[in-house]
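Engineer: I'm passing along run_29.txt; it holds compact mmCIF, C-alpha atoms.
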```txt
# COMPACT_ATOMS: atom_id res chain seq x y z
CA MET Z 1002 0.00 0.00 0.00
CA ILE Z 1003 1.25 3.50 -0.84
CA ALA Z 1004 0.28 6.05 1.82
CA SER Z 1005 1.34 9.65 1.25
CA GLY Z 1006 4.29 8.49 -0.79
CA ARG Z 1007 5.37 5.81 1.72
CA ASP Z 1008 5.36 2.15 0.76
CA LEU Z 1009 3.69 0.32 3.66
CA ARG Z 1010 2.93 -3.35 4.18
CA ILE Z 1011 -0.64 -3.55 5.45
CA THR Z 1012 -2.00 -6.79 6.87
CA SER Z 1013 -5.35 -8.31 7.87
CA LEU Z 1014 -7.62 -5.51 6.69
CA ASP Z 1015 -10.66 -7.70 7.36
CA LYS Z 1016 -9.71 -8.40 10.98
CA VAL Z 1017 -12.60 -7.31 13.22
CA LEU Z 1018 -11.38 -5.10 16.06
CA TRP Z 1019 -14.78 -4.07 17.47
CA PRO Z 1020 -16.90 -7.25 17.35
CA GLU Z 1021 -20.09 -5.52 18.51
CA THR Z 1022 -20.18 -3.39 15.37
CA GLY Z 1023 -17.97 -5.33 12.97
CA PHE Z 1024 -15.52 -2.43 12.69
CA THR Z 1025 -12.35 -3.79 11.07
CA LYS Z 1026 -8.70 -2.87 10.83
CA GLY Z 1027 -9.46 -1.61 7.35
CA ASP Z 1028 -12.08 0.71 8.86
CA LEU Z 1029 -9.54 1.83 11.46
CA ILE Z 1030 -6.97 2.70 8.79
CA ASP Z 1031 -9.66 4.49 6.80
CA TRP Z 1032 -10.65 6.57 9.85
CA TYR Z 1033 -7.12 7.73 10.62
CA SER Z 1034 -6.44 8.40 6.94
CA ALA Z 1035 -9.62 10.46 6.59
CA THR Z 1036 -8.97 12.54 9.72
CA ALA Z 1037 -5.20 12.94 9.36
CA SER Z 1038 -5.39 16.62 8.42
CA LEU Z 1039 -7.35 17.33 11.63
CA LEU Z 1040 -5.49 14.98 13.96
CA LEU Z 1041 -1.86 15.54 12.99
CA PRO Z 1042 -1.62 19.19 14.14
CA HIS Z 1043 -2.60 18.02 17.64
CA LEU Z 1044 0.16 15.39 17.58
CA ALA Z 1045 2.94 17.47 16.07
CA ARG Z 1046 6.15 17.39 18.14
CA HIS Z 1047 4.52 15.42 20.94
CA PRO Z 1048 5.80 11.95 21.92
CA ILE Z 1049 3.03 9.42 21.35
CA MET Z 1050 1.78 6.64 23.60
CA LEU Z 1051 0.26 3.92 21.41
CA GLY Z 1052 -2.89 2.23 22.73
CA ARG Z 1053 -2.79 -1.17 20.98
CA TRP Z 1054 -5.37 -3.95 20.92
CA PRO Z 1055 -3.97 -6.55 18.49
CA GLU Z 1056 -6.87 -8.95 19.08
CA GLY Z 1057 -9.52 -6.25 19.17
CA VAL Z 1058 -11.34 -4.66 22.08
CA ASP Z 1059 -12.43 -8.02 23.49
CA GLY Z 1060 -8.79 -9.08 23.77
CA ARG Z 1061 -5.84 -7.86 25.79
CA GLY Z 1062 -4.77 -4.31 25.08
CA PHE Z 1063 -1.72 -2.40 26.23
CA TYR Z 1064 -0.20 1.07 26.13
CA GLN Z 1065 3.21 1.20 24.48
CA SER Z 1066 5.66 3.98 25.29
CA ASN Z 1067 8.72 2.74 23.43
CA CYS Z 1068 8.39 2.96 19.66
CA PRO Z 1069 7.89 -0.62 18.38
CA LYS Z 1070 10.87 -2.50 17.03
CA GLY Z 1071 10.88 -2.62 13.27
CA ALA Z 1072 9.32 0.81 12.87
CA PRO Z 1073 10.15 2.38 9.50
CA GLU Z 1074 13.27 4.54 9.56
CA TRP Z 1075 11.17 7.57 8.61
CA ILE Z 1076 9.22 7.34 11.89
CA ALA Z 1077 11.06 9.81 14.10
CA THR Z 1078 11.59 8.97 17.77
CA VAL Z 1079 12.38 11.02 20.85
CA GLU Z 1080 13.58 10.21 24.38
CA ALA Z 1081 11.28 11.27 27.22
CA GLY Z 1082 11.12 9.99 30.77
CA GLY Z 1083 13.33 7.01 30.07
CA ALA Z 1084 11.38 5.76 27.05
CA ARG Z 1085 11.89 6.31 23.32
CA TYR Z 1086 8.54 7.40 21.91
CA CYS Z 1087 7.35 7.60 18.32
CA LEU Z 1088 6.46 10.89 16.72
CA LEU Z 1089 3.47 10.59 14.36
CA GLU Z 1090 3.76 13.56 12.05
CA GLU Z 1091 2.50 12.50 8.63
CA PRO Z 1092 -0.52 10.59 7.31
CA ALA Z 1093 1.56 7.51 6.54
CA ALA Z 1094 2.65 7.37 10.19
CA LEU Z 1095 -1.00 7.15 11.26
CA VAL Z 1096 -1.57 4.32 8.76
CA TRP Z 1097 1.50 2.52 10.06
CA ALA Z 1098 0.27 2.85 13.65
CA ALA Z 1099 -3.24 1.73 12.74
CA ASN Z 1100 -1.80 -1.37 11.04
CA LEU Z 1101 -0.35 -2.27 14.45
CA ALA Z 1102 -3.92 -2.16 15.83
CA THR Z 1103 -3.28 1.17 17.51
CA LEU Z 1104 -6.86 2.03 18.37
CA GLU Z 1105 -6.06 4.90 20.71
CA ILE Z 1106 -3.52 7.70 20.24
CA HIS Z 1107 -2.30 9.44 23.40
CA PRO Z 1108 0.15 12.33 22.93
CA LEU Z 1109 2.26 13.28 25.92
CA HIS Z 1110 1.67 16.82 27.10
CA LEU Z 1111 5.24 17.97 26.57
CA SER Z 1112 6.41 19.25 23.22
CA VAL Z 1113 9.90 18.17 22.20
CA ASP Z 1114 10.60 21.73 21.05
CA ARG Z 1115 9.61 23.35 24.37
CA PRO Z 1116 9.64 20.50 26.91
CA SER Z 1117 9.14 22.66 30.00
CA ALA Z 1118 6.38 24.90 28.62
CA ALA Z 1119 2.74 23.97 29.22
CA GLY Z 1120 0.71 24.41 26.06
CA VAL Z 1121 -2.61 24.12 27.88
CA VAL Z 1122 -4.04 23.77 31.35
CA LEU Z 1123 -6.12 20.61 31.38
CA PHE Z 1124 -9.02 19.33 33.48
CA ASP Z 1125 -10.01 15.68 33.05
CA LEU Z 1126 -13.57 15.24 34.33
CA ASP Z 1127 -14.04 11.68 35.57
CA PRO Z 1128 -17.48 10.71 36.95
CA GLY Z 1129 -17.91 8.41 39.91
CA GLU Z 1130 -21.12 6.38 39.68
CA PRO Z 1131 -23.98 7.13 39.85
CA ALA Z 1132 -22.77 10.48 38.47
CA GLY Z 1133 -22.23 10.45 34.72
CA LEU Z 1134 -21.80 12.57 31.65
CA ILE Z 1135 -24.57 15.02 32.59
CA GLU Z 1136 -22.84 15.87 35.85
CA CYS Z 1137 -19.60 16.27 33.88
CA CYS Z 1138 -21.42 18.89 31.82
CA ASP Z 1139 -22.44 20.69 35.01
CA VAL Z 1140 -18.82 20.80 36.17
CA ALA Z 1141 -17.53 21.81 32.74
CA LEU Z 1142 -19.81 24.85 32.80
CA LEU Z 1143 -18.58 25.79 36.27
CA LEU Z 1144 -14.99 25.45 35.10
CA ARG Z 1145 -15.62 27.56 32.00
CA GLU Z 1146 -17.01 30.34 34.16
CA ARG Z 1147 -14.16 30.00 36.65
CA LEU Z 1148 -11.44 30.12 33.99
CA ALA Z 1149 -13.06 33.10 32.29
CA ARG Z 1150 -12.50 35.09 35.50
CA ASP Z 1151 -8.79 34.60 34.91
CA GLY Z 1152 -9.04 35.55 31.25
CA LEU Z 1153 -8.68 31.98 29.99
CA ALA Z 1154 -10.80 30.59 27.14
CA ALA Z 1155 -12.00 27.02 27.66
CA PHE Z 1156 -12.61 24.31 25.07
CA VAL Z 1157 -14.26 20.97 25.69
CA LYS Z 1158 -14.27 17.54 24.10
CA ALA Z 1159 -15.77 14.16 24.84
CA SER Z 1160 -13.36 11.58 26.16
CA ALA Z 1161 -15.52 8.98 24.35
CA ALA Z 1162 -15.22 6.85 27.48
CA LYS Z 1163 -17.08 8.25 30.51
CA GLY Z 1164 -16.25 11.91 30.88
CA LEU Z 1165 -15.11 15.17 29.34
CA HIS Z 1166 -11.80 16.91 28.80
CA LEU Z 1167 -11.62 20.68 29.23
CA VAL Z 1168 -8.56 22.64 28.14
CA ALA Z 1169 -7.53 26.28 28.15
CA PRO Z 1170 -4.68 27.12 25.74
CA LEU Z 1171 -1.64 28.92 27.15
CA ASP Z 1172 0.93 31.09 25.40
CA GLY Z 1173 3.91 28.98 26.50
CA SER Z 1174 5.20 31.33 29.19
CA ASP Z 1175 4.01 29.07 32.04
CA ASP Z 1176 5.74 25.82 32.93
CA PHE Z 1177 4.06 22.56 33.89
CA GLU Z 1178 4.61 23.12 37.61
CA ARG Z 1179 2.59 26.34 37.50
CA ALA Z 1180 -0.07 24.79 35.28
CA LYS Z 1181 -0.50 21.90 37.70
CA ALA Z 1182 -0.62 24.20 40.73
CA TYR Z 1183 -3.23 26.36 39.04
CA ALA Z 1184 -5.36 23.38 38.05
CA ARG Z 1185 -5.12 21.96 41.58
CA ASP Z 1186 -6.20 25.27 43.12
CA VAL Z 1187 -9.15 25.66 40.75
CA ALA Z 1188 -10.26 22.05 41.28
CA THR Z 1189 -9.95 22.40 45.07
CA GLU Z 1190 -11.88 25.65 45.01
CA LEU Z 1191 -14.73 24.06 43.03
CA ALA Z 1192 -14.78 21.10 45.39
CA ASP Z 1193 -15.02 23.44 48.38
CA VAL Z 1194 -17.89 25.41 46.82
CA HIS Z 1195 -19.73 22.38 45.36
CA PRO Z 1196 -18.82 19.46 47.64
CA ALA Z 1197 -21.80 17.33 46.59
CA LEU Z 1198 -20.81 17.56 42.93
CA VAL Z 1199 -17.02 17.91 42.74
CA THR Z 1200 -14.00 16.26 44.32
CA ALA Z 1201 -10.35 17.12 43.76
CA LYS Z 1202 -9.10 14.11 45.72
CA VAL Z 1203 -7.41 11.26 43.90
CA ALA Z 1204 -8.75 8.48 46.17
CA ARG Z 1205 -11.43 6.53 44.33
CA ASN Z 1206 -13.48 6.05 47.49
CA GLN Z 1207 -13.94 9.85 47.49
CA ARG Z 1208 -15.58 9.91 44.05
CA GLY Z 1209 -18.94 8.20 44.53
CA GLY Z 1210 -21.67 10.31 42.95
CA ARG Z 1211 -19.26 13.14 42.21
CA ILE Z 1212 -17.00 14.32 39.41
CA TYR Z 1213 -13.30 13.98 40.03
CA VAL Z 1214 -11.58 17.01 38.50
CA ASP Z 1215 -8.22 15.46 37.67
CA TRP Z 1216 -5.74 18.32 37.93
CA ALA Z 1217 -2.70 16.02 38.17
CA GLN Z 1218 -2.87 15.42 34.42
CA ASN Z 1219 -0.93 18.67 34.01
CA ASP Z 1220 2.41 16.91 33.94
CA PRO Z 1221 4.81 16.80 30.98
CA LEU Z 1222 5.03 12.99 31.01
CA ARG Z 1223 1.27 12.39 31.33
CA SER Z 1224 -0.81 11.84 28.24
CA THR Z 1225 -4.42 12.43 27.23
CA ILE Z 1226 -6.27 10.89 24.35
CA ALA Z 1227 -5.99 13.05 21.25
CA PRO Z 1228 -8.90 14.83 19.62
CA TYR Z 1229 -10.32 12.52 16.92
CA SER Z 1230 -8.70 9.41 18.38
CA LEU Z 1231 -10.94 6.37 18.60
CA ARG Z 1232 -11.51 4.60 21.92
CA ALA Z 1233 -11.17 0.91 22.71
CA THR Z 1234 -14.67 0.71 24.18
CA SER Z 1235 -17.31 -1.85 23.19
CA LYS Z 1236 -18.33 0.37 20.27
CA PRO Z 1237 -15.85 2.63 18.47
CA GLY Z 1238 -16.35 6.16 19.73
CA VAL Z 1239 -14.47 9.34 18.85
CA SER Z 1240 -12.87 11.76 21.31
CA MET Z 1241 -14.80 14.58 19.71
CA PRO Z 1242 -14.57 18.34 20.27
CA LEU Z 1243 -17.92 19.76 21.34
CA ARG Z 1244 -19.63 23.12 21.20
CA TRP Z 1245 -20.45 24.84 24.47
CA GLU Z 1246 -24.10 25.11 23.45
CA GLU Z 1247 -24.18 21.30 23.29
CA ILE Z 1248 -22.88 21.11 26.85
CA GLU Z 1249 -25.40 23.74 27.96
CA ARG Z 1250 -28.28 21.89 26.30
CA ALA Z 1251 -27.31 18.56 27.84
CA ALA Z 1252 -27.09 20.13 31.29
CA ALA Z 1253 -30.44 21.89 30.88
CA GLU Z 1254 -32.29 18.87 29.45
CA ARG Z 1255 -30.49 16.35 31.70
CA ARG Z 1256 -29.85 14.22 28.62
CA ALA Z 1257 -26.50 13.33 27.06
CA ARG Z 1258 -27.97 13.22 23.57
CA GLY Z 1259 -25.45 14.26 20.94
CA LEU Z 1260 -22.34 14.00 23.12
CA TRP Z 1261 -21.14 10.62 21.82
CA PHE Z 1262 -20.02 10.11 18.22
CA SER Z 1263 -19.47 6.99 16.18
CA PRO Z 1264 -16.86 7.33 13.41
CA GLN Z 1265 -19.62 7.71 10.81
CA ALA Z 1266 -21.46 10.38 12.79
CA ALA Z 1267 -18.17 12.16 13.46
CA ARG Z 1268 -17.27 12.23 9.77
CA GLU Z 1269 -20.65 13.69 8.88
CA ARG Z 1270 -20.25 16.36 11.55
CA LEU Z 1271 -16.70 17.21 10.52
CA GLU Z 1272 -17.82 17.98 6.99
CA THR Z 1273 -19.60 21.03 8.35
CA THR Z 1274 -17.69 21.96 11.52
CA GLY Z 1275 -14.06 21.30 10.69
CA ASP Z 1276 -11.73 21.21 13.68
CA LEU Z 1277 -13.45 22.86 16.65
CA PHE Z 1278 -10.20 22.41 18.57
CA ALA Z 1279 -8.03 24.28 16.05
CA THR Z 1280 -7.99 27.38 18.27
CA VAL Z 1281 -6.39 25.34 21.06
CA LEU Z 1282 -3.25 25.25 18.91
CA ASP Z 1283 -3.08 29.04 18.71
CA ALA Z 1284 -1.38 31.27 21.25
CA GLY Z 1285 -3.45 31.30 24.41
CA GLY Z 1286 -3.48 33.12 27.72
CA ARG Z 1287 -1.27 33.32 30.78
CA LEU Z 1288 -1.95 31.97 34.22
CA PRO Z 1289 -2.56 34.43 37.08
CA ALA Z 1290 0.61 35.79 38.63
CA ASN Z 1291 -0.21 35.12 42.28
CA PRO Z 1292 1.70 32.19 43.85
CA GLY Z 1293 -1.31 29.94 44.32
CA GLY Z 1294 -2.08 30.20 40.61
CA ALA Z 1295 -5.82 30.82 40.76
CA SER Z 1296 -7.46 34.14 41.47
CA SER Z 1297 -9.60 34.60 44.55
CA PRO Z 1298 -13.34 33.95 44.27
CA PRO Z 1299 -15.44 37.08 43.76
```
Using structure tokens, write down the structure from this file.

Structural biologist:
Amino acid sequence: MIASGRDLRITSLDKVLWPETGFTKGDLIDWYSATASLLLPHLARHPIMLGRWPEGVDGRGFYQSNCPKGAPEWIATVEAGGARYCLLEEPAALVWAANLATLEIHPLHLSVDRPSAAGVVLFDLDPGEPAGLIECCDVALLLRERLARDGLAAFVKASAAKGLHLVAPLDGSDDFERAKAYARDVATELADVHPALVTAKVARNQRGGRIYVDWAQNDPLRSTIAPYSLRATSKPGVSMPLRWEEIERAAAERRARGLWFSPQAARERLETTGDLFATVLDAGGRLPANPGGASSPP
């Protein structure tokens, strides 16, 4: 197979990776080929953790830090945290990864060009049952309002698993230590004001019925699933950027309708929306200057 000028050996296109829907490796390669122009800017210069399920989602999966042996010589690699990661920076690289049954693509937060600079401040909203996606929407709206007080614009996407990811782009002048401190302070503040809805504590026994606002993700060697990556759930879902009006509607109606996207639904949407996360790649804001990171409540 020739992919973007690269000669690749592709195998087992008919292998079913999502048995519940019959989604095959060929479908996987087609998805990452079709969305390469949207996905690649979010991966550029970031080491990539490969989420691989060689036997499909019903089999054993694993996350691979070190770039697989036998990778083509044109797949660049970079050392980070004691591992040698792949860089996926062209459409053929996505096809190569998909051929390895890489269902999920997780870029590390650090950029190899500016390894100490935080490109975003990130909040991973993880619901503890019986809380779910609707309660994540409630917290996302609180976070949007809170960040706006500090002059930060917030963008949101579905994790395509259980929760939401909210990010505010930064201009690169803040390091990861400050980004993490700021996220911790904001999460703790929300938990103090809304204790029945929000927790900022890592312990899982603290999460029942509440949304854990994971501030610790703001670390250079942590990773978060990329926009437009598929998820290794029972049905293939897309980590899809969302509009704030969709979050507002879900919270108001108490229904999560329209917040989960199959690959087909995502492709239809993308024909009209393009990349709703493109602005995240532009120069963003700066964190507050006070030592604690977050501004005081009004």

Engineer: Taking only C-alpha atoms into account, which of Z:Ser1117, Z:Thr1189, Z:Gln1207, Z:Ser1230 comes nearest Z:Ser1160?

Structural biologist: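 For Z:Ser1160, the nearest of the given residues is Z:Ser1230.
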
Engineer: Using all atoms listed in the file, which of Z:Met1050, Z:Val1157, Z:Ile1106, Z:Leu1123 sits nearest Z:Glu1249?

Structural biologist: Z:Val1157

Engineer: Hey, which bits of stretch 1076-1103 of chain Z sit within 12 Å of stretch 1006-1016 of chain Z, and for each residue what's the closest pair of atoms and how far apart in Å (one decimal), counting all atoms listed in the file, rows by chain and increasing number, as CSV?

Structural biologist:
```
residue,atom,partner,partner_atom,distance
Z:Ile1076,CA,Z:Arg1007,CA,11.0
Z:Glu1091,CA,Z:Arg1007,CA,10.0
Z:Pro1092,CA,Z:Arg1007,CA,9.4
Z:Ala1093,CA,Z:Arg1007,CA,6.4
Z:Ala1094,CA,Z:Arg1007,CA,9.0
Z:Leu1095,CA,Z:Leu1009,CA,11.2
Z:Val1096,CA,Z:Leu1009,CA,8.3
Z:Trp1097,CA,Z:Leu1009,CA,7.1
Z:Ala1098,CA,Z:Ile1011,CA,10.4
Z:Ala1099,CA,Z:Ile1011,CA,9.4
Z:Asn1100,CA,Z:Ile1011,CA,6.1
Z:Leu1101,CA,Z:Thr1012,CA,9.0
Z:Ala1102,CA,Z:Lys1016,CA,9.8
```

Engineer: Can you write just those residues out, C-alpha atoms, as a JSON list (two decimals), in the frame of the given file?

Structural biologist:
```json
[["chain", "number", "residue", "atom", "x", "y", "z"],
["Z", 1076, "ILE", "CA", 9.22, 7.34, 11.89],
["Z", 1091, "GLU", "CA", 2.50, 12.50, 8.63],
["Z", 1092, "PRO", "CA", -0.52, 10.59, 7.31],
["Z", 1093, "ALA", "CA", 1.56, 7.51, 6.54],
["Z", 1094, "ALA", "CA", 2.65, 7.37, 10.19],
["Z", 1095, "LEU", "CA", -1.00, 7.15, 11.26],
["Z", 1096, "VAL", "CA", -1.57, 4.32, 8.76],
["Z", 1097, "TRP", "CA", 1.50, 2.52, 10.06],
["Z", 1098, "ALA", "CA", 0.27, 2.85, 13.65],
["Z", 1099, "ALA", "CA", -3.24, 1.73, 12.74],
["Z", 1100, "ASN", "CA", -1.80, -1.37, 11.04],
["Z", 1101, "LEU", "CA", -0.35, -2.27, 14.45],
["Z", 1102, "ALA", "CA", -3.92, -2.16, 15.83]]
```

Engineer: Using Å and a single decimal, report how far atom CA of Z:Thr1234 sits from atom CA of Z:Gly1057.

Structural biologist: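 Separation between atom CA of Z:Gly1057 and atom CA of Z:Thr1234: 10.0 Å.
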
Engineer: Mind giving me the straight-line distance from atom CA of Z:Gly1129 to atom CA of Z:Ser1066 in Å, one decimal?

Structural biologist: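 Value for the atom CA of Z:Gly1129-atom CA of Z:Ser1066 distance: 28.1 Å.
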
Engineer: In terms of the shortest atom-to-atom distance over all atoms listed in the file, which of Z:Ala1155, Z:Ala1201, Z:Ala1252, Z:Leu1191 is closest to Z:Val1281?

Structural biologist: Z:Ala1155

Engineer: Between atom CA of Z:Glu1269 and atom CA of Z:Leu1029, measure the distance and give it in Å to one decimal.

Structural biologist: 16.5 Å

Engineer: Find the residues around Z:Val1203 up to 9 Å (only C-alpha atoms counted), leave out those fewer than 3 positions away in its own chain, and share them as a PyMOL selection string.

Structural biologist: chain Z and resi 1200+1206-1208+1213-1215+1217

Engineer: Filtering to C-alpha atoms, could you give me those residues as a PDB file, in the coordinates of the input?

Structural biologist:
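Output below, filename result-v4.pdb:
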```
ATOM      1  CA  THR Z1200     -14.000  16.260  44.320  1.00  0.00           C
ATOM      2  CA  ASN Z1206     -13.480   6.050  47.490  1.00  0.00           C
ATOM      3  CA  GLN Z1207     -13.940   9.850  47.490  1.00  0.00           C
ATOM      4  CA  ARG Z1208     -15.580   9.910  44.050  1.00  0.00           C
ATOM      5  CA  TYR Z1213     -13.300  13.980  40.030  1.00  0.00           C
ATOM      6  CA  VAL Z1214     -11.580  17.010  38.500  1.00  0.00           C
ATOM      7  CA  ASP Z1215      -8.220  15.460  37.670  1.00  0.00           C
ATOM      8  CA  ALA Z1217      -2.700  16.020  38.170  1.00  0.00           C
TER       9      ALA Z1217
END
```
